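Source file entry33.cif; content: mmCIF, C-alpha atoms.
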```cif
data_query
#
loop_
_atom_site.label_atom_id
_atom_site.label_comp_id
_atom_site.auth_asym_id
_atom_site.auth_seq_id
_atom_site.Cartn_x
_atom_site.Cartn_y
_atom_site.Cartn_z
CA ASP A 28 -12.26 6.48 -76.14
CA ALA A 29 -14.52 4.55 -73.85
CA GLY A 30 -15.08 6.10 -70.47
CA VAL A 31 -15.57 4.37 -67.15
CA ILE A 32 -18.27 1.76 -67.54
CA GLN A 33 -20.50 0.78 -64.65
CA SER A 34 -23.16 -1.87 -64.47
CA PRO A 35 -25.96 -2.14 -63.76
CA ARG A 36 -27.26 1.41 -64.17
CA HIS A 37 -30.17 0.70 -61.85
CA GLU A 38 -30.67 -2.01 -59.27
CA VAL A 39 -33.72 -2.62 -57.14
CA THR A 40 -33.58 -5.46 -54.69
CA GLU A 41 -34.99 -6.56 -51.39
CA MET A 42 -33.32 -6.15 -48.05
CA GLY A 43 -30.99 -9.00 -47.22
CA GLN A 44 -30.04 -9.78 -50.79
CA GLU A 45 -26.50 -9.64 -52.08
CA VAL A 46 -25.74 -6.77 -54.45
CA THR A 47 -22.77 -6.64 -56.79
CA LEU A 48 -21.81 -3.49 -58.61
CA ARG A 49 -19.30 -3.64 -61.44
CA CYS A 50 -16.83 -1.20 -62.90
CA LYS A 51 -14.52 -1.18 -65.89
CA PRO A 52 -12.01 1.68 -65.64
CA ILE A 53 -10.54 3.58 -68.55
CA SER A 54 -7.82 1.56 -70.18
CA GLY A 55 -4.40 2.60 -68.93
CA HIS A 56 -5.67 4.19 -65.73
CA ASN A 57 -4.01 2.75 -62.66
CA SER A 58 -6.17 4.20 -59.87
CA LEU A 59 -9.77 3.28 -59.22
CA PHE A 60 -12.19 4.80 -56.74
CA TRP A 61 -15.61 3.79 -55.42
CA TYR A 62 -17.91 6.56 -54.14
CA ARG A 63 -21.39 6.67 -52.65
CA GLN A 64 -23.65 9.68 -53.11
CA THR A 65 -26.67 10.45 -50.95
CA MET A 66 -28.60 13.62 -50.26
CA MET A 67 -27.69 13.49 -46.59
CA ARG A 68 -23.98 12.75 -46.83
CA GLY A 69 -23.00 13.98 -50.27
CA LEU A 70 -20.24 12.23 -52.16
CA GLU A 71 -18.25 9.87 -49.96
CA LEU A 72 -15.15 7.94 -50.92
CA LEU A 73 -15.56 4.30 -49.95
CA ILE A 74 -12.30 2.76 -51.15
CA TYR A 75 -9.61 3.28 -53.71
CA PHE A 76 -7.11 1.05 -55.47
CA ASN A 77 -3.74 1.81 -56.96
CA ASN A 78 -2.37 -0.75 -59.41
CA ASN A 79 -5.12 -3.16 -58.33
CA VAL A 80 -4.11 -2.94 -54.66
CA PRO A 81 -6.53 -1.47 -52.09
CA ILE A 82 -4.85 1.59 -50.62
CA ASP A 83 -7.48 3.18 -48.42
CA ASP A 84 -10.72 1.50 -47.38
CA SER A 85 -11.42 3.71 -44.39
CA GLY A 86 -14.64 4.92 -45.99
CA MET A 87 -16.18 1.49 -46.26
CA PRO A 88 -19.12 1.74 -43.89
CA GLU A 89 -19.02 -1.73 -42.40
CA ASP A 90 -18.18 -5.35 -42.98
CA ARG A 91 -21.19 -5.80 -45.20
CA PHE A 92 -19.29 -3.90 -47.88
CA SER A 93 -16.38 -5.39 -49.77
CA ALA A 94 -14.50 -4.41 -52.91
CA LYS A 95 -12.13 -6.25 -55.18
CA MET A 96 -10.01 -5.44 -58.17
CA PRO A 97 -8.80 -8.74 -59.62
CA ASN A 98 -7.16 -7.07 -62.61
CA ALA A 99 -6.55 -3.67 -64.14
CA SER A 100 -9.78 -3.67 -66.12
CA PHE A 101 -12.37 -4.77 -63.60
CA SER A 102 -13.56 -4.01 -60.09
CA THR A 103 -16.57 -4.99 -58.00
CA LEU A 104 -18.27 -3.52 -54.98
CA LYS A 105 -20.35 -6.02 -53.08
CA ILE A 106 -22.93 -5.47 -50.35
CA GLN A 107 -24.01 -8.54 -48.40
CA PRO A 108 -26.55 -8.45 -46.83
CA SER A 109 -28.04 -5.26 -48.21
CA GLU A 110 -30.11 -2.86 -46.08
CA PRO A 111 -32.48 -0.02 -47.02
CA ARG A 112 -29.95 2.55 -45.79
CA ASP A 113 -27.56 1.38 -48.50
CA SER A 114 -29.84 2.97 -51.08
CA ALA A 115 -27.74 5.54 -52.93
CA VAL A 116 -25.98 6.24 -56.19
CA TYR A 117 -22.65 4.44 -56.37
CA PHE A 118 -19.97 5.86 -58.60
CA CYS A 119 -16.78 4.33 -59.86
CA ALA A 120 -13.99 6.63 -61.05
CA SER A 121 -10.57 6.03 -62.52
CA LYS A 122 -7.48 8.15 -62.86
CA GLY A 123 -4.32 7.96 -64.88
CA GLY A 124 -0.83 7.83 -63.50
CA GLY A 125 1.50 10.69 -62.96
CA TYR A 126 1.06 13.50 -60.51
CA GLY A 127 -2.23 14.34 -58.87
CA ASN A 128 -3.23 16.96 -61.41
CA GLN A 129 -4.89 14.24 -63.43
CA PRO A 130 -8.65 14.35 -62.76
CA GLN A 131 -10.73 11.38 -61.81
CA HIS A 132 -13.07 10.28 -64.58
CA PHE A 133 -16.42 9.07 -63.34
CA GLY A 134 -18.77 6.43 -64.64
CA ASP A 135 -22.47 7.15 -64.96
CA GLY A 136 -23.18 5.56 -61.59
CA THR A 137 -25.41 2.78 -60.33
CA ARG A 138 -28.64 3.87 -58.72
CA LEU A 139 -29.29 1.31 -55.98
CA SER A 140 -32.60 0.94 -54.20
CA ILE A 141 -32.97 -1.52 -51.35
CA LEU A 142 -36.58 -2.20 -50.42
CA ALA B 15 -12.81 21.51 -39.87
CA GLN B 16 -14.31 20.93 -43.27
CA LYS B 17 -11.67 20.51 -45.92
CA ILE B 18 -13.90 21.92 -48.64
CA THR B 19 -16.65 24.45 -47.96
CA GLN B 20 -19.26 25.48 -50.47
CA THR B 21 -21.57 27.96 -48.77
CA GLN B 22 -24.09 28.51 -51.56
CA PRO B 23 -26.66 25.70 -51.61
CA GLY B 24 -28.37 27.25 -54.62
CA MET B 25 -27.72 30.01 -57.12
CA PHE B 26 -29.70 31.61 -59.91
CA VAL B 27 -28.21 33.37 -62.90
CA GLN B 28 -29.71 34.96 -65.98
CA GLU B 29 -28.77 33.39 -69.27
CA LYS B 30 -25.71 35.03 -70.85
CA GLU B 31 -24.61 36.51 -67.53
CA ALA B 32 -21.50 35.47 -65.60
CA VAL B 33 -21.75 33.66 -62.27
CA THR B 34 -19.27 32.85 -59.51
CA LEU B 35 -19.54 29.73 -57.39
CA ASP B 36 -17.65 29.92 -54.12
CA CYS B 37 -15.27 27.36 -52.71
CA THR B 38 -12.94 27.64 -49.73
CA TYR B 39 -10.56 24.94 -48.61
CA ASP B 40 -8.51 24.02 -45.60
CA THR B 41 -5.16 22.32 -45.75
CA SER B 42 -1.75 22.65 -44.19
CA ASP B 43 -0.04 20.84 -47.05
CA PRO B 44 1.79 23.25 -49.37
CA SER B 45 1.15 20.95 -52.32
CA TYR B 46 -2.47 20.45 -53.26
CA GLY B 47 -4.82 20.51 -56.21
CA LEU B 48 -8.32 21.84 -56.63
CA PHE B 49 -10.93 20.46 -59.02
CA TRP B 50 -14.38 21.48 -60.11
CA TYR B 51 -16.95 18.98 -61.35
CA LYS B 52 -20.39 19.45 -62.84
CA GLN B 53 -23.27 17.06 -62.20
CA PRO B 54 -26.31 17.65 -64.42
CA SER B 55 -29.71 16.23 -63.53
CA SER B 56 -28.87 13.14 -65.58
CA GLY B 57 -26.39 12.26 -62.81
CA GLU B 58 -22.98 11.93 -64.40
CA MET B 59 -19.95 13.71 -62.93
CA ILE B 60 -18.09 15.84 -65.44
CA PHE B 61 -14.61 17.24 -64.78
CA LEU B 62 -14.40 20.95 -65.59
CA ILE B 63 -11.16 22.51 -64.43
CA TYR B 64 -8.06 22.01 -62.29
CA GLN B 65 -5.81 24.38 -60.33
CA GLY B 66 -2.55 23.33 -58.70
CA SER B 67 -1.25 25.08 -55.61
CA TYR B 68 1.97 26.00 -57.37
CA ASP B 69 0.36 27.19 -60.56
CA GLN B 70 1.23 30.82 -61.17
CA GLN B 71 -1.79 31.62 -63.25
CA ASN B 72 -5.49 31.04 -62.76
CA ALA B 73 -6.75 28.06 -64.71
CA THR B 74 -9.11 28.59 -67.62
CA GLU B 75 -11.04 26.14 -69.78
CA GLY B 76 -13.34 27.72 -72.30
CA ARG B 77 -16.10 29.54 -70.42
CA TYR B 78 -14.81 28.25 -67.09
CA SER B 79 -12.15 30.00 -65.09
CA LEU B 80 -10.91 29.52 -61.59
CA ASN B 81 -10.36 32.55 -59.38
CA PHE B 82 -7.59 31.19 -57.20
CA GLN B 83 -6.72 33.26 -54.12
CA LYS B 84 -4.14 31.24 -52.25
CA ALA B 85 -3.81 33.49 -49.21
CA ARG B 86 -7.54 33.40 -48.68
CA LYS B 87 -7.70 29.68 -49.47
CA SER B 88 -10.42 30.17 -52.01
CA ALA B 89 -10.90 28.66 -55.45
CA ASN B 90 -14.05 30.09 -56.93
CA LEU B 91 -15.40 28.89 -60.25
CA VAL B 92 -16.44 31.57 -62.69
CA ILE B 93 -18.74 30.64 -65.54
CA SER B 94 -18.99 33.30 -68.21
CA ALA B 95 -21.92 33.76 -70.60
CA SER B 96 -24.17 31.25 -68.80
CA GLN B 97 -26.20 28.85 -70.90
CA LEU B 98 -29.30 26.87 -70.03
CA GLY B 99 -27.20 23.73 -70.17
CA ASP B 100 -25.09 25.03 -67.30
CA SER B 101 -27.93 24.28 -64.89
CA ALA B 102 -26.49 21.57 -62.66
CA MET B 103 -24.84 20.80 -59.34
CA TYR B 104 -21.26 21.97 -59.11
CA PHE B 105 -18.74 20.36 -56.80
CA CYS B 106 -15.41 21.69 -55.62
CA ALA B 107 -12.84 19.09 -54.60
CA MET B 108 -9.29 18.98 -53.24
CA ARG B 109 -6.37 16.60 -53.42
CA GLU B 110 -3.71 17.04 -50.73
CA GLY B 111 -0.04 16.29 -51.18
CA GLY B 112 0.80 13.25 -53.22
CA TYR B 113 -2.32 11.41 -52.23
CA GLN B 114 -4.66 10.12 -54.88
CA LYS B 115 -7.82 10.59 -52.88
CA VAL B 116 -9.92 13.69 -53.34
CA THR B 117 -12.34 15.30 -50.89
CA PHE B 118 -15.52 16.78 -52.30
CA GLY B 119 -17.63 19.67 -51.05
CA ILE B 120 -21.39 19.42 -50.70
CA GLY B 121 -22.04 21.21 -53.95
CA THR B 122 -23.90 24.25 -55.25
CA LYS B 123 -27.01 23.93 -57.37
CA LEU B 124 -26.95 26.43 -60.23
CA GLN B 125 -30.07 27.29 -62.18
CA VAL B 126 -29.81 29.35 -65.32
CA ILE B 127 -32.92 31.40 -66.05
CA PRO B 128 -33.88 32.17 -69.66
#
```
Please express what this file holds, its structure, as structure tokens.
Amino acid sequence: DAGVIQSPRHEVTEMGQEVTLRCKPISGHNSLFWYRQTMMRGLELLIYFNNNVPIDDSGMPEDRFSAKMPNASFSTLKIQPSEPRDSAVYFCASKGGGYGNQPQHFGDGTRLSIL
Amino acid sequence: AQKITQTQPGMFVQEKEAVTLDCTYDTSDPSYGLFWYKQPSSGEMIFLIYQGSYDQQNATEGRYSLNFQKARKSANLVISASQLGDSAMYFCAMREGGYQKVTFGIGTKLQVIP
């Protein structure tokens, strides 16, 4: 079975540019999570969706960040305008239904560098 | 207070030996779940093992076992017969109540020495 698919794997762009990260969750999973990982702050939850609806976006750092999930098989995380401090690895994860003993399955991440 | 505490920034273990990675947690919810993930240098996050707060027995998955001590609020990961491929970052994480979100610890870097 295909796992969580993220694109691009690497992104290098200049400060001020718009960045769009994409995620395709595992088919049948109804929860989707966006994380950011840095050396300083570790793994931080940015936002998560349940059945395509944003449930908790309290981790989104500021208005420059936005996330959408237009359907069950696709989500985007957008940064506009981007800043050097946004440089990090961004992970998408999905989880099946049922009780919380189901683990989150992670994509391979997008390594983002803002120059 | 930190919800998940991993106090060992780095650990070394000889190949074929067993190693224990520590994790303590803090929650007042009687229903919770604990997860361990592995992150090799290639960067992907790999789920290893899960323990529920109501589970009567310690979880095991192959060479991984979870030493769950509920009264002490600890959920240590034990890796038996370490292999070179076990060298990675290991993260402990907790889900509280019926919530979907999971809080991760800062991780422990394990290096297996030949």
With distances taken over all atoms listed in the file, which of A:Arg63, A:Asn128, A:Gly43, A:Tyr75 is nearest to Leu48 of chain B?
A:Asn128
Could you please tell me, as a ChimeraX atom specification, which residues of chain A have an atom within 9 Å of chain B when using all atoms listed in the file?
/A:58,60,68-72,75,77,83,116,118,122,126-136
Tell me, as an NGL selection string, which residues lie within 9 Å of Ile74 of chain A, counting only C-alpha atoms; anything in the same chain fewer than 4 positions away does not count.
:A and (59-62 or 81-87 or 94)
Selection dump of the PyMOL selection byres ((chain B and resi 124) around 10), as a list in words
Gln22, Pro23, Gly24, Met25, Phe26, Val27, Val33, Leu35, Lys52, Pro54, Asp100, Ser101, Ala102, Met103, Tyr104, Gly121, Thr122, Lys123, Gln125, Val126 and Ile127 of chain B
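Atom CA of Val39 of chain A to atom CA of Arg91 of chain A spans 17.6 Å [interatomic distance, one decimal].
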Please, what distance in Å, to one decimal, runs between atom CA of Gln20 of chain B and atom CA of Ala89 of chain B?
10.2 Å
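In this comparison, which uses all atoms listed in the file, the residue of B:Met108, B:Val92, B:Gly76, B:Lys17 approaching Glu31 of chain B most closely is B:Val92.
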Env of Thr103 of chain A: 6 Å cut, atoms = all atoms listed in the file, seq-sep filter 6 positions within chain, self excluded. Answer as a tab-separated table (two decimals) with C-alpha atoms, in the frame of the given file.
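Contents of the output file around.tsv:
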```
chain	number	residue	atom	x	y	z
A	48	LEU	CA	-21.81	-3.49	-58.61
A	49	ARG	CA	-19.30	-3.64	-61.44
A	94	ALA	CA	-14.50	-4.41	-52.91
A	95	LYS	CA	-12.13	-6.25	-55.18
```
A straight line from atom CA of Val31 of chain A to atom CA of Pro111 of chain A spans 26.7 Å
Picked residues, the PyMOL selection byres ((chain A and resi 98) around 12), as a ChimeraX atom specification
/A:50-52,54-59,76-81,95-97,99-103
Specify as a PDB file with C-alpha atoms, in the coordinates of the input each residue included when the PyMOL selection byres ((chain B and resi 95) around 8) is applied to this file.
```
ATOM      1  CA  GLU B  29     -28.770  33.390 -69.270  1.00  0.00           C
ATOM      2  CA  LYS B  30     -25.710  35.030 -70.850  1.00  0.00           C
ATOM      3  CA  GLU B  31     -24.610  36.510 -67.530  1.00  0.00           C
ATOM      4  CA  ALA B  32     -21.500  35.470 -65.600  1.00  0.00           C
ATOM      5  CA  ARG B  77     -16.100  29.540 -70.420  1.00  0.00           C
ATOM      6  CA  ILE B  93     -18.740  30.640 -65.540  1.00  0.00           C
ATOM      7  CA  SER B  94     -18.990  33.300 -68.210  1.00  0.00           C
ATOM      8  CA  SER B  96     -24.170  31.250 -68.800  1.00  0.00           C
ATOM      9  CA  GLN B  97     -26.200  28.850 -70.900  1.00  0.00           C
TER      10      GLN B  97
END
```
With only C-alpha atoms as the counted atoms, please give the residues lying no more than 8 Å from segment 137-142 of chain A, apart from itself and same-chain residues fewer than 3 positions off, as a list in words.
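Returned residues: Gln33, Ser34, Pro35, Arg36, His37, Glu38, Val39, Thr40, Glu41, Met42, Leu48, Ser109, Glu110, Pro111, Arg112, Asp113, Ser114, Ala115, Val116, Tyr117 and Phe118 of chain A.
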Take the residues from that selection and write them out as an mmCIF file, in the coordinates of the input, keeping C-alpha atoms.
```cif
data_model
loop_
_atom_site.group_PDB
_atom_site.id
_atom_site.type_symbol
_atom_site.label_atom_id
_atom_site.label_comp_id
_atom_site.auth_asym_id
_atom_site.auth_seq_id
_atom_site.Cartn_x
_atom_site.Cartn_y
_atom_site.Cartn_z
ATOM 1 C CA GLN A 33 -20.500 0.780 -64.650
ATOM 2 C CA SER A 34 -23.160 -1.870 -64.470
ATOM 3 C CA PRO A 35 -25.960 -2.140 -63.760
ATOM 4 C CA ARG A 36 -27.260 1.410 -64.170
ATOM 5 C CA HIS A 37 -30.170 0.700 -61.850
ATOM 6 C CA GLU A 38 -30.670 -2.010 -59.270
ATOM 7 C CA VAL A 39 -33.720 -2.620 -57.140
ATOM 8 C CA THR A 40 -33.580 -5.460 -54.690
ATOM 9 C CA GLU A 41 -34.990 -6.560 -51.390
ATOM 10 C CA MET A 42 -33.320 -6.150 -48.050
ATOM 11 C CA LEU A 48 -21.810 -3.490 -58.610
ATOM 12 C CA SER A 109 -28.040 -5.260 -48.210
ATOM 13 C CA GLU A 110 -30.110 -2.860 -46.080
ATOM 14 C CA PRO A 111 -32.480 -0.020 -47.020
ATOM 15 C CA ARG A 112 -29.950 2.550 -45.790
ATOM 16 C CA ASP A 113 -27.560 1.380 -48.500
ATOM 17 C CA SER A 114 -29.840 2.970 -51.080
ATOM 18 C CA ALA A 115 -27.740 5.540 -52.930
ATOM 19 C CA VAL A 116 -25.980 6.240 -56.190
ATOM 20 C CA TYR A 117 -22.650 4.440 -56.370
ATOM 21 C CA PHE A 118 -19.970 5.860 -58.600
#
```
Please provide as a PyMOL selection string all residues within 8 Å of Ser93 of chain A, with the sequence filter that same-chain residues fewer than 5 positions apart are discarded (counting all atoms listed in the file).
chain A and resi 87+104-106
Neighbours of segment 68-72 of chain B within 8 Å (only C-alpha atoms; same-chain residues fewer than 4 positions away dropped), as JSON, numbers by chain?
{"B": [45, 79, 80, 81, 82]}
Regenerate segment 104-115 of chain B at the level of all heavy atoms and dump it as a PDB file, in the coordinates of the input.
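Below is the file that was written, selection_38.pdb:
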```
ATOM      1  N   TYR B 104     -22.685  21.764 -58.910  1.00  0.00           N
ATOM      2  CA  TYR B 104     -21.260  21.970 -59.110  1.00  0.00           C
ATOM      3  C   TYR B 104     -20.525  21.650 -57.819  1.00  0.00           C
ATOM      4  O   TYR B 104     -20.869  22.153 -56.755  1.00  0.00           O
ATOM      5  CB  TYR B 104     -20.970  23.419 -59.536  1.00  0.00           C
ATOM      6  CG  TYR B 104     -21.426  23.698 -60.946  1.00  0.00           C
ATOM      7  CD1 TYR B 104     -22.755  23.993 -61.213  1.00  0.00           C
ATOM      8  CD2 TYR B 104     -20.529  23.636 -62.010  1.00  0.00           C
ATOM      9  CE1 TYR B 104     -23.189  24.222 -62.511  1.00  0.00           C
ATOM     10  CE2 TYR B 104     -20.942  23.869 -63.309  1.00  0.00           C
ATOM     11  CZ  TYR B 104     -22.271  24.154 -63.549  1.00  0.00           C
ATOM     12  OH  TYR B 104     -22.699  24.376 -64.844  1.00  0.00           O
ATOM     13  N   PHE B 105     -19.504  20.813 -57.951  1.00  0.00           N
ATOM     14  CA  PHE B 105     -18.740  20.360 -56.800  1.00  0.00           C
ATOM     15  C   PHE B 105     -17.302  20.829 -56.890  1.00  0.00           C
ATOM     16  O   PHE B 105     -16.647  20.685 -57.938  1.00  0.00           O
ATOM     17  CB  PHE B 105     -18.750  18.828 -56.711  1.00  0.00           C
ATOM     18  CG  PHE B 105     -20.097  18.245 -56.416  1.00  0.00           C
ATOM     19  CD1 PHE B 105     -20.946  17.855 -57.441  1.00  0.00           C
ATOM     20  CD2 PHE B 105     -20.520  18.078 -55.105  1.00  0.00           C
ATOM     21  CE1 PHE B 105     -22.194  17.311 -57.182  1.00  0.00           C
ATOM     22  CE2 PHE B 105     -21.767  17.538 -54.823  1.00  0.00           C
ATOM     23  CZ  PHE B 105     -22.602  17.161 -55.860  1.00  0.00           C
ATOM     24  N   CYS B 106     -16.823  21.351 -55.783  1.00  0.00           N
ATOM     25  CA  CYS B 106     -15.410  21.690 -55.620  1.00  0.00           C
ATOM     26  C   CYS B 106     -14.754  20.527 -54.881  1.00  0.00           C
ATOM     27  O   CYS B 106     -15.380  19.911 -54.003  1.00  0.00           O
ATOM     28  CB  CYS B 106     -15.298  22.979 -54.818  1.00  0.00           C
ATOM     29  SG  CYS B 106     -13.616  23.560 -54.513  1.00  0.00           S
ATOM     30  N   ALA B 107     -13.522  20.216 -55.230  1.00  0.00           N
ATOM     31  CA  ALA B 107     -12.840  19.090 -54.600  1.00  0.00           C
ATOM     32  C   ALA B 107     -11.353  19.396 -54.462  1.00  0.00           C
ATOM     33  O   ALA B 107     -10.801  20.203 -55.219  1.00  0.00           O
ATOM     34  CB  ALA B 107     -13.045  17.819 -55.434  1.00  0.00           C
ATOM     35  N   MET B 108     -10.711  18.722 -53.511  1.00  0.00           N
ATOM     36  CA  MET B 108      -9.290  18.980 -53.240  1.00  0.00           C
ATOM     37  C   MET B 108      -8.523  17.678 -53.062  1.00  0.00           C
ATOM     38  O   MET B 108      -8.987  16.762 -52.385  1.00  0.00           O
ATOM     39  CB  MET B 108      -9.129  19.828 -51.976  1.00  0.00           C
ATOM     40  CG  MET B 108      -7.677  20.100 -51.599  1.00  0.00           C
ATOM     41  SD  MET B 108      -7.508  21.217 -50.199  1.00  0.00           S
ATOM     42  CE  MET B 108      -8.246  20.272 -48.883  1.00  0.00           C
ATOM     43  N   ARG B 109      -7.351  17.655 -53.649  1.00  0.00           N
ATOM     44  CA  ARG B 109      -6.370  16.600 -53.420  1.00  0.00           C
ATOM     45  C   ARG B 109      -5.229  17.228 -52.608  1.00  0.00           C
ATOM     46  O   ARG B 109      -4.782  18.322 -52.919  1.00  0.00           O
ATOM     47  CB  ARG B 109      -5.815  16.083 -54.756  1.00  0.00           C
ATOM     48  CG  ARG B 109      -4.592  15.184 -54.602  1.00  0.00           C
ATOM     49  CD  ARG B 109      -3.807  15.078 -55.893  1.00  0.00           C
ATOM     50  NE  ARG B 109      -3.407  16.355 -56.458  1.00  0.00           N
ATOM     51  CZ  ARG B 109      -2.387  17.084 -56.054  1.00  0.00           C
ATOM     52  NH1 ARG B 109      -1.637  16.689 -55.025  1.00  0.00           N
ATOM     53  NH2 ARG B 109      -2.100  18.214 -56.662  1.00  0.00           N
ATOM     54  N   GLU B 110      -4.789  16.525 -51.574  1.00  0.00           N
ATOM     55  CA  GLU B 110      -3.710  17.040 -50.730  1.00  0.00           C
ATOM     56  C   GLU B 110      -2.440  16.249 -50.932  1.00  0.00           C
ATOM     57  O   GLU B 110      -2.480  15.017 -50.946  1.00  0.00           O
ATOM     58  CB  GLU B 110      -4.120  16.985 -49.263  1.00  0.00           C
ATOM     59  CG  GLU B 110      -5.268  17.894 -48.904  1.00  0.00           C
ATOM     60  CD  GLU B 110      -5.684  17.735 -47.463  1.00  0.00           C
ATOM     61  OE1 GLU B 110      -6.550  16.870 -47.198  1.00  0.00           O
ATOM     62  OE2 GLU B 110      -5.151  18.459 -46.605  1.00  0.00           O
ATOM     63  N   GLY B 111      -1.342  16.937 -51.059  1.00  0.00           N
ATOM     64  CA  GLY B 111      -0.040  16.290 -51.180  1.00  0.00           C
ATOM     65  C   GLY B 111      -0.013  15.328 -52.345  1.00  0.00           C
ATOM     66  O   GLY B 111      -0.587  15.563 -53.393  1.00  0.00           O
ATOM     67  N   GLY B 112       0.685  14.241 -52.157  1.00  0.00           N
ATOM     68  CA  GLY B 112       0.800  13.250 -53.220  1.00  0.00           C
ATOM     69  C   GLY B 112      -0.280  12.208 -53.184  1.00  0.00           C
ATOM     70  O   GLY B 112      -0.223  11.221 -53.909  1.00  0.00           O
ATOM     71  N   TYR B 113      -1.278  12.400 -52.345  1.00  0.00           N
ATOM     72  CA  TYR B 113      -2.320  11.410 -52.230  1.00  0.00           C
ATOM     73  C   TYR B 113      -3.229  11.409 -53.448  1.00  0.00           C
ATOM     74  O   TYR B 113      -3.428  12.423 -54.080  1.00  0.00           O
ATOM     75  CB  TYR B 113      -3.157  11.647 -50.963  1.00  0.00           C
ATOM     76  CG  TYR B 113      -2.364  11.484 -49.692  1.00  0.00           C
ATOM     77  CD1 TYR B 113      -2.001  12.587 -48.937  1.00  0.00           C
ATOM     78  CD2 TYR B 113      -1.959  10.217 -49.271  1.00  0.00           C
ATOM     79  CE1 TYR B 113      -1.267  12.437 -47.773  1.00  0.00           C
ATOM     80  CE2 TYR B 113      -1.226  10.069 -48.106  1.00  0.00           C
ATOM     81  CZ  TYR B 113      -0.886  11.174 -47.368  1.00  0.00           C
ATOM     82  OH  TYR B 113      -0.143  11.034 -46.236  1.00  0.00           O
ATOM     83  N   GLN B 114      -3.744  10.250 -53.749  1.00  0.00           N
ATOM     84  CA  GLN B 114      -4.660  10.120 -54.880  1.00  0.00           C
ATOM     85  C   GLN B 114      -6.073  10.504 -54.506  1.00  0.00           C
ATOM     86  O   GLN B 114      -6.844  10.909 -55.360  1.00  0.00           O
ATOM     87  CB  GLN B 114      -4.647   8.664 -55.386  1.00  0.00           C
ATOM     88  CG  GLN B 114      -3.294   8.158 -55.832  1.00  0.00           C
ATOM     89  CD  GLN B 114      -2.934   8.660 -57.221  1.00  0.00           C
ATOM     90  OE1 GLN B 114      -3.568   9.562 -57.755  1.00  0.00           O
ATOM     91  NE2 GLN B 114      -1.924   8.058 -57.816  1.00  0.00           N
ATOM     92  N   LYS B 115      -6.426  10.349 -53.237  1.00  0.00           N
ATOM     93  CA  LYS B 115      -7.820  10.590 -52.880  1.00  0.00           C
ATOM     94  C   LYS B 115      -8.139  12.072 -52.890  1.00  0.00           C
ATOM     95  O   LYS B 115      -7.285  12.931 -52.669  1.00  0.00           O
ATOM     96  CB  LYS B 115      -8.152   9.973 -51.520  1.00  0.00           C
ATOM     97  CG  LYS B 115      -7.407  10.573 -50.357  1.00  0.00           C
ATOM     98  CD  LYS B 115      -7.624   9.732 -49.099  1.00  0.00           C
ATOM     99  CE  LYS B 115      -9.000   9.869 -48.545  1.00  0.00           C
ATOM    100  NZ  LYS B 115      -9.169   9.146 -47.262  1.00  0.00           N
TER     101      LYS B 115
END
```
